[in-house]
Every structure is written in structure tokens, then in C-alpha cells.
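J.: Could you have a look at this structure, given as C-alpha cells, before my questions?
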Amino acid sequence: MGKVTTSHDGAVAVLTLNSPDNRNALSTDLLVELADALEELDADDGVHAIVLTGGPSLFASGADVRQLRDLSPVEYAASPRATSWRRIGAVGTPVVAAVAGVALGGGCELALAADLVVAADTAVFGQPEVRLGLVPGAGGTQRWARAAGRYTAAGVVLTGRTVDAFEARDLGLVHRIVPAQRVVAAAVTVAGQIAANGPLAVRAARAAVRRAEELPLGAAMEFERQQLLLMLTSDDHVEGITALLDKRAPRFTGR
């Protein structure tokens, strides 16, 4: 078995980090394999949502720091590691992170790169990079600040403190909390609710939500309007409205 395993539940794919010997530390090999798997699923018309998990006990303990100790800035910038993070961020299929146990450093950044986080009651989030003389480099400063506000982000990133699932939910980072043994199943349920909707519309809506973090309000609203106009050209929107009027479930085709 590889460092990432894939299974399917209808239109939902489940990616499981599978490197228990080092607590799912995000080695370069694991990140490359994860990026490969995500891109393959992203190109699969039969996959409408993805669950990313480490299982019911552990998500990811952070970067494999042994690989960073002697890495120069030039080497890092050109490394498969940095490229993999960019590839992961470019995936267009909605991703639900199912987080149990620790999600620290790069593991926390990986969870927050998802569209929704379903957390176990055992989940712990944090960015301890400053304790190692480093800073988060895969979105840790930015996603914490956008989700929880600059002052809360500073309190987490600058002290290196951890946040449990309940505080993370209060801060707006977590969608739902469940017992650890149910975290993957709960995330699959949420992903199934996403996958049941029009796939073109889901991708467009996801892209519009993400623009809220990147664009001024006026530009983001224009992007949203353009996505609506695009959906008005689709067969799916006709099917969705017809199904509503006929009081039946829609049969979306992704066209």
C-alpha cells in the first residue's frame, strides 16, 4: 500500500493518509502521492466530492522536519514539496477534511485547505512552526486570519498554541464535531450531500466562495454573477428546476 489510499462511496472518493509509522508526517513522498491522487480524482467525472482523512485516530502531525533542516531556500522553492502544495491548492472538486487527533503545522494547513472540516471530538489544530524557528508556508497564516480574524490568528501562530475541536468550531474553522469513531462516516455523509447537487453548480459555487478570500467585494460579486450566467447555459439548471416543479429528484448530467 502507498502512503495515500483511495476508496469510493458512490460519487464520493475517500483519500486516507497512510503513513502511521511517522504519524502521517507530510514527507515529500506523501505530498507528491497526495497531489497525484487528488488530480486524478479531480479529472474523474464520476467523483463529485472528496473526503480527506487520516482515519479515526490521527490526521497529520505536520511536515517531516528532517527533510527541511538542511534545505536551502532555492532548493525548497523548486522542490516537489512546494510544487505539490500548489497542485493540491488547484484542485476544483470540493474537499471535506475528516480530522481526528492532531492536525499540526502542515497537517493543519492541509485540513484548512479543504472546503469543510468535520472534526472528531479528539481533534487538535495548531501551527507550531515558530517553535522550530520557521513560519507556516502552506497557508497557515493566511487561512487562520481569514477564518478566525487577524488577532486570533496571531494568538495561534505567534505562540504556537493548539486549539481543540470545540474552540476551532467557535472560531469558524470546523463545520461539525462528532465522536472520533464516526468522523470519517460523518464526513462522507456531508460529502454525499454535496455530491447530490449539480456538479457544475457545486464547482462554480465553490470557486465563488473561495474568491471571497481573494478579491474585494465588488470584484467577488462580479465573479459570482458570472458563475450564475454560466450556469444558466447548462442543461443541469433546466433539469434542476424541472425536477423541482415535477416534485422528483433531479438527474444531473454535469452538462
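Ligands are numbered from 1 in the order shown, chains are lettered A, B, ... in the order of the C-alpha cells, and residues start at 1 in each chain.
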Set out as JSON lines a contact list for segment 34-91 of chain A and segment 183-205 of chain A with a cut-off of 8 Å, giving each residue of segment 34-91 of chain A that qualifies its closest atom pair and distance in Å to one decimal, counting only C-alpha atoms, ordered by chain and rising residue number.
T.:
```
{"residue": "A:Val47", "atom": "CA", "partner": "A:Ala195", "partner_atom": "CA", "distance": 8.0}
{"residue": "A:His48", "atom": "CA", "partner": "A:Ala195", "partner_atom": "CA", "distance": 4.8}
{"residue": "A:Ala49", "atom": "CA", "partner": "A:Ala195", "partner_atom": "CA", "distance": 5.5}
{"residue": "A:Ile50", "atom": "CA", "partner": "A:Ala191", "partner_atom": "CA", "distance": 6.7}
{"residue": "A:Val51", "atom": "CA", "partner": "A:Val188", "partner_atom": "CA", "distance": 6.4}
{"residue": "A:Thr53", "atom": "CA", "partner": "A:Val184", "partner_atom": "CA", "distance": 7.1}
{"residue": "A:Gly55", "atom": "CA", "partner": "A:Val184", "partner_atom": "CA", "distance": 6.7}
{"residue": "A:Pro56", "atom": "CA", "partner": "A:Val183", "partner_atom": "CA", "distance": 6.3}
```
J.: Would you mind exporting N, CA, C and O atoms of the selected residues as an mmCIF file, in the first residue's frame?
T.:
```cif
data_model
loop_
_atom_site.group_PDB
_atom_site.id
_atom_site.type_symbol
_atom_site.label_atom_id
_atom_site.label_comp_id
_atom_site.auth_asym_id
_atom_site.auth_seq_id
_atom_site.Cartn_x
_atom_site.Cartn_y
_atom_site.Cartn_z
ATOM 1 N N VAL A 47 -16.543 11.464 -9.857
ATOM 2 C CA VAL A 47 -16.257 11.899 -8.483
ATOM 3 C C VAL A 47 -16.735 13.333 -8.313
ATOM 4 O O VAL A 47 -16.241 14.239 -8.985
ATOM 5 N N HIS A 48 -17.693 13.533 -7.417
ATOM 6 C CA HIS A 48 -18.271 14.861 -7.209
ATOM 7 C C HIS A 48 -17.857 15.495 -5.891
ATOM 8 O O HIS A 48 -18.127 16.675 -5.660
ATOM 9 N N ALA A 49 -17.233 14.733 -5.006
ATOM 10 C CA ALA A 49 -16.728 15.270 -3.738
ATOM 11 C C ALA A 49 -15.669 14.317 -3.214
ATOM 12 O O ALA A 49 -15.683 13.116 -3.509
ATOM 13 N N ILE A 50 -14.738 14.858 -2.441
ATOM 14 C CA ILE A 50 -13.616 14.084 -1.907
ATOM 15 C C ILE A 50 -13.555 14.264 -0.402
ATOM 16 O O ILE A 50 -13.680 15.388 0.108
ATOM 17 N N VAL A 51 -13.369 13.157 0.323
ATOM 18 C CA VAL A 51 -13.089 13.199 1.758
ATOM 19 C C VAL A 51 -11.606 12.934 1.946
ATOM 20 O O VAL A 51 -11.059 11.968 1.396
ATOM 21 N N THR A 53 -8.748 12.256 4.865
ATOM 22 C CA THR A 53 -8.688 11.873 6.268
ATOM 23 C C THR A 53 -7.401 11.123 6.564
ATOM 24 O O THR A 53 -6.698 10.668 5.657
ATOM 25 N N GLY A 55 -7.955 8.898 9.140
ATOM 26 C CA GLY A 55 -8.611 7.848 9.898
ATOM 27 C C GLY A 55 -9.150 8.366 11.225
ATOM 28 O O GLY A 55 -9.119 9.570 11.506
ATOM 29 N N PRO A 56 -9.654 7.480 12.084
ATOM 30 C CA PRO A 56 -10.332 7.894 13.316
ATOM 31 C C PRO A 56 -9.407 8.252 14.478
ATOM 32 O O PRO A 56 -9.886 8.623 15.546
#
```
J.: Within 9 Å of segment 167-170 of chain A, counting only C-alpha atoms, which residues qualify if same-chain residues fewer than 6 places away don't, as a tab-separated table (two decimals) with N, CA and C atoms, in the first residue's frame?
T.:
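As a result, out39.tsv now contains:
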```
chain	number	residue	atom	x	y	z
A	119	ALA	N	-14.72	17.51	12.31
A	119	ALA	CA	-13.71	17.20	13.31
A	119	ALA	C	-14.22	16.17	14.31
A	124	VAL	N	-7.14	18.22	17.38
A	124	VAL	CA	-6.34	19.32	17.89
A	124	VAL	C	-5.66	20.00	16.70
A	125	PHE	N	-5.83	21.31	16.60
A	125	PHE	CA	-5.28	22.08	15.48
A	125	PHE	C	-4.21	23.05	15.99
A	148	ALA	N	-10.61	33.14	11.18
A	148	ALA	CA	-10.81	33.49	12.59
A	148	ALA	C	-10.47	34.93	12.91
A	176	ARG	N	-18.50	20.74	11.81
A	176	ARG	CA	-19.27	19.82	12.64
A	176	ARG	C	-18.31	19.00	13.50
A	177	ILE	N	-18.72	18.63	14.72
A	177	ILE	CA	-17.93	17.79	15.62
A	177	ILE	C	-18.70	16.51	15.90
```
J.: Could you give me, as a CSV table (one decimal) with C-alpha atoms, in the first residue's frame, the residues within 12 Å of Val102 of chain A, counting only C-alpha atoms and dropping anything in the same chain fewer than 3 positions from it?
T.:
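Final output, part.csv:
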```csv
chain,number,residue,atom,x,y,z
A,23,ARG,CA,2.2,9.8,12.4
A,24,ASN,CA,1.3,10.8,8.9
A,25,ALA,CA,4.0,13.4,8.7
A,53,THR,CA,-8.7,11.9,6.3
A,54,GLY,CA,-6.1,10.1,8.3
A,55,GLY,CA,-8.6,7.8,9.9
A,56,PRO,CA,-10.3,7.9,13.3
A,57,SER,CA,-7.2,8.4,15.4
A,58,LEU,CA,-4.8,10.8,13.6
A,59,PHE,CA,-4.9,13.3,10.8
A,60,ALA,CA,-1.3,14.6,10.2
A,61,SER,CA,1.4,15.6,12.7
A,62,GLY,CA,3.0,18.2,10.4
A,98,ALA,CA,-12.2,14.4,8.3
A,99,VAL,CA,-9.9,15.3,11.2
A,105,GLY,CA,1.7,22.5,11.1
A,106,GLY,CA,1.4,21.3,7.6
A,107,GLY,CA,-1.3,18.9,8.8
A,108,CYS,CA,-3.4,21.8,10.0
A,109,GLU,CA,-2.7,23.7,6.7
A,110,LEU,CA,-3.9,20.6,4.8
A,111,ALA,CA,-7.1,20.5,6.8
A,119,ALA,CA,-13.7,17.2,13.3
A,120,ALA,CA,-13.6,14.4,15.8
A,121,ASP,CA,-14.0,15.4,19.5
A,122,THR,CA,-10.3,14.4,19.8
A,123,ALA,CA,-9.1,16.8,17.1
A,124,VAL,CA,-6.3,19.3,17.9
A,125,PHE,CA,-5.3,22.1,15.5
A,126,GLY,CA,-2.2,24.3,15.6
A,127,GLN,CA,0.7,26.0,13.8
A,128,PRO,CA,3.8,25.3,16.0
A,162,THR,CA,-3.0,24.4,20.0
A,163,VAL,CA,-6.8,24.7,19.6
A,164,ASP,CA,-9.2,21.8,20.3
A,165,ALA,CA,-12.1,20.9,18.1
A,180,ALA,CA,-13.8,10.0,16.7
```
J.: So, counting only C-alpha atoms, which residue among A:Met221, A:Ala138, A:Val91, A:Ala77 is closest to Glu40 of chain A?
T.: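 Nearest candidate to Glu40 of chain A out of A:Met221, A:Ala138, A:Val91, A:Ala77: A:Val91.
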J.: DSSP on the backbone, helix (DSSP H, G or I) only: what residues of segment 3-251 of chain A does that give? Format it as an MDAnalysis selection string.
T.: chainID A and resid 20:22 28:42 65:67 73:77 80:89 106:112 129:132 140:148 150:157 165:170 180:195 199:211 217:231 235:246
J.: If we count only C-alpha atoms, what is near Glu129 of chain A at a cut-off of 10 Å, once residues fewer than 5 positions away on the same chain are taken out, given as a PyMOL selection string?
T.: chain A and resi 62-63+104-106+134-137+140+157-160
J.: Any idea what the distance is between atom CA of Arg150 of chain A and atom CA of Ala103 of chain A?
T.: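 Going from atom CA of Arg150 of chain A over to atom CA of Ala103 of chain A, I get 20.4 Å.
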J.: Nearest to Glu39 of chain A among A:Ser27, A:Ser79, A:Thr141, A:Thr93, with distances taken over only C-alpha atoms: which residue is it?
T.: A:Thr93
J.: What are the DSSP strand (DSSP E or B) residues of segment 28-252 of chain A, as a list in words?
T.: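 These are the residues in question: Ala49, Ile50, Val51, Leu52, Thr53, Ala60, Ala63, Val95, Val96, Ala97, Ala98, Val99, Val102, Ala103, Leu104, Leu116, Val117, Val118, Ala119, Ala120, Val124, Phe125, Gly126, Thr162, Val163, Asp164, Arg176, Ile177 and Val178 of chain A.
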J.: Quick one, how far is atom CA of Asp235 of chain A from atom CA of Gly10 of chain A?
T.: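 So the two atoms, atom CA of Asp235 of chain A and atom CA of Gly10 of chain A, lie 22.2 Å apart.
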